[in-house]
Each structure stands twice: as structure tokens, then as C-alpha cells.
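Working notes, beginning with the structure itself.
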Amino acid sequence: MDKKKKAVFISVIAIVVVLIIVGIIWYFIANNNTNSSSNNQMGTSEVSKLYEILQTSNVFSFELTLDDENHKYYAKSNNMACIETTSNDEETKYIVKNGNTYFLVDDTKTYYTYSNNQTNLNMITKGLERFKDLDYQIGKEKINNKNYYYEEYTRLTAFAMGDFTEDSEDVKTRFYFDDDELVYIKTIEEDKEELLEVNISYNVNQNSFQIPSDYKNA
């Protein structure tokens, strides 16, 4: 091979090597961007999957626990719902059925009727629906010595018990999953955090939707 052909051959090899290196660098940059910020190009989010499951479930319960004095229990059975909330050891209970909402007062064994009101019938699925089509970040975080995959959304605080600013860039909600099971929800605003343990069941006590016989209509 003469010197001219050899120089051309070396130049071609050098160009090919450079193109390969550029391609590898581009691949890793693109892959890193996809992993750090998802806009649903990764496939259906776990939040969206959970929404679809609960949306088509006729019977389920969804419990959120901050501590012994602060928790919320929601149960649904077809067109009935029960919402029991304990906040700083004070309890409230609502039952939704027959197109109405009933507010039960344990101390006086009375209930108040809000006619033609089913606002909270689908409270949980409506909350998840607000997140299911949004962009989100993904990551992993250790909670109680176990690593969980999470999806993080900004601006919304649909499940928080505490006082957080809705529709703020400083607010984030993280949904933590153990495989496909939602186990925690964390709301974050600057240096303030609230971590709620989640328990979802598809077995519900039907007595939850009944007004006790010894309660009177106020």
C-alpha cells in the first residue's frame, strides 16, 4: 500500500472511530435524561395503573396513617362510601349512600343529612386522577431500612393531611411502591415533609356503610 492510500485508509478509520465514540456518548446522555425525568415516554406510570385498578373496582378501602392520632380511612362499595378521619385525636365520620351524605356525631348519637350530595363518593380515584397523566420524576429512597421505587409529581397535594401549598412549584408528592403495591405517600414543601403509610384492601366490612340504629336524624 502506497503512502497516499495508507493516509486515506487511516483517515477513514479515524472518522469511523470518532463516529462510534460520539454515538456511545449520545446514547448514554439520552439514556440518562430518560432515567432522570420521565414524561410518560417510559410507559404507563404506577400511579396511572393504580388509578385504573381502583376505578374499575367496585369494592376497596384506602387507609392513610400519619401516626396514632392522625389517620384517614376510606371505603367504597359500589355507590356507597365511608370516610373516617382522625385528626389530633378528634374523629369525624361521613357515610355516602342513596345519593346523600350523612355526617355522624358519636357524642350525641345523631346524624346530619346533606341531600343530593355525593362529593366524596369517589374521593380516592379523583385524587389519583389528578396525577395520572402528569410528568413525573422517578427515583429510589430508603424508608424503614427498605428501598422503594417512587414517582414524584409537582404542584399537587391531593392526599396530604397537613397544611401544604396547593399549586406551588415548591410542593412535591411522592408515591412509593413495593413492586406494584402503593405503600407510602410523601408530601414535600421546602424543608417540611409528611410521610403517610398506605394500606389498600379489596375486602370491606359492609357494616361500615350503615348508620347505627340508635342514631337519630338531627
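A note on labels: chains of the C-alpha cells are A, B, ... as shown, every chain counts residues from 1, and ligands are counted from 1 in their shown order.
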For the interface of stretch 89-139 of chain A with stretch 166-177 of chain A (cut-off 12 Å, counting only C-alpha atoms), please tabulate each contacting residue of stretch 89-139 of chain A alongside its nearest pair of atoms and their separation in Å to one decimal, rows sorted by chain and increasing number, as a Markdown table.
```
| residue | atom | partner | partner_atom | distance |
| --- | --- | --- | --- | --- |
| A:Gly127 | CA | A:Thr173 | CA | 11.9 |
| A:Leu128 | CA | A:Phe175 | CA | 10.4 |
| A:Arg130 | CA | A:Thr173 | CA | 11.7 |
| A:Phe131 | CA | A:Thr173 | CA | 9.5 |
| A:Lys132 | CA | A:Phe175 | CA | 11.4 |
| A:Leu134 | CA | A:Thr173 | CA | 11.9 |
| A:Tyr136 | CA | A:Arg174 | CA | 9.4 |
| A:Gln137 | CA | A:Arg174 | CA | 9.1 |
| A:Ile138 | CA | A:Arg174 | CA | 9.0 |
| A:Gly139 | CA | A:Tyr176 | CA | 9.4 |
```
Neighbouring residues of stretch 182-196 of chain A were defined as those with any atom within 10 Å, considering only C-alpha atoms; residues of the same chain fewer than 6 positions away were excluded. Please report them as a PyMOL selection string.
chain A and resi 46-47+50+63-67+70-72+143+148-165+168-176
One-decimal distance in Å that lies between atom CA of A:Leu54 and atom CA of A:Leu121:
12.8 Å
Which residues come within 12 Å of A:Thr56, counting only C-alpha atoms, excluding same-chain residues fewer than 3 positions away, as a VMD selection string?
chain A and resid 49 to 53 59 to 60 76 to 78 122 125 202
Rounded to one decimal place, report the atom CA of A:Asn79-atom CA of A:Ser213 distance in Å.
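One can read the atom CA of A:Asn79 to atom CA of A:Ser213 distance as 20.9 Å.
Comparing the minimum interatomic distances between A:Thr110 and each of A:Glu181, A:Tyr73, A:Gly43, A:Lys93, counting only C-alpha atoms, we find that A:Lys93 sits nearest.
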Interatomic distance, atom CA of A:Asp214 to atom CA of A:Val105 (Å, one decimal)
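Computing it gives 11.8 Å between the two atoms.
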Using only C-alpha atoms, which residues sit within 12 Å of A:Met80 once same-chain residues fewer than 3 positions away are excluded, as an MDAnalysis selection string?
chainID A and resid 58:61 74:77 83 94:102 117:123 204 206:210
DSSP on the backbone, strand (DSSP E or B) only: what residues of stretch 5-211 of chain A does that give? Format it as a ChimeraX atom specification.
/A:38,59-67,70-77,80-87,90-97,100-105,110-114,136-143,146-154,171-178,181-189,192-201
Can you pull out every residue from stretch 94-171 of chain A that DSSP, working from the backbone, puts in alpha helix (DSSP H), and format the result as a VMD selection string?
chain A and resid 123 to 129
Generate a file of the selected residues that holds N, CA and C atoms, formatted as a PDB file, in the first residue's frame.
```
ATOM      1  N   MET A 123     -63.671   9.871  46.191  1.00  0.00           N
ATOM      2  CA  MET A 123     -62.614  10.754  46.661  1.00  0.00           C
ATOM      3  C   MET A 123     -61.209  10.278  46.278  1.00  0.00           C
ATOM      4  N   ILE A 124     -60.921   8.993  46.436  1.00  0.00           N
ATOM      5  CA  ILE A 124     -59.573   8.483  46.192  1.00  0.00           C
ATOM      6  C   ILE A 124     -59.252   8.449  44.697  1.00  0.00           C
ATOM      7  N   THR A 125     -60.161   7.923  43.887  1.00  0.00           N
ATOM      8  CA  THR A 125     -59.881   7.859  42.452  1.00  0.00           C
ATOM      9  C   THR A 125     -59.802   9.255  41.835  1.00  0.00           C
ATOM     10  N   LYS A 126     -60.593  10.187  42.339  1.00  0.00           N
ATOM     11  CA  LYS A 126     -60.489  11.568  41.849  1.00  0.00           C
ATOM     12  C   LYS A 126     -59.136  12.170  42.203  1.00  0.00           C
ATOM     13  N   GLY A 127     -58.625  11.821  43.401  1.00  0.00           N
ATOM     14  CA  GLY A 127     -57.309  12.301  43.787  1.00  0.00           C
ATOM     15  C   GLY A 127     -56.225  11.746  42.889  1.00  0.00           C
ATOM     16  N   LEU A 128     -56.261  10.453  42.608  1.00  0.00           N
ATOM     17  CA  LEU A 128     -55.265   9.828  41.730  1.00  0.00           C
ATOM     18  C   LEU A 128     -55.383  10.323  40.293  1.00  0.00           C
ATOM     19  N   GLU A 129     -56.601  10.617  39.873  1.00  0.00           N
ATOM     20  CA  GLU A 129     -56.826  11.076  38.501  1.00  0.00           C
ATOM     21  C   GLU A 129     -56.077  12.374  38.211  1.00  0.00           C
TER      22      GLU A 129
END
```
Which residue, A:Asp106, A:Glu141, A:Ala81, A:Ile200, has the smallest gap to A:Tyr215 when you use only C-alpha atoms?
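Closest to A:Tyr215 of all the choices is A:Asp106.
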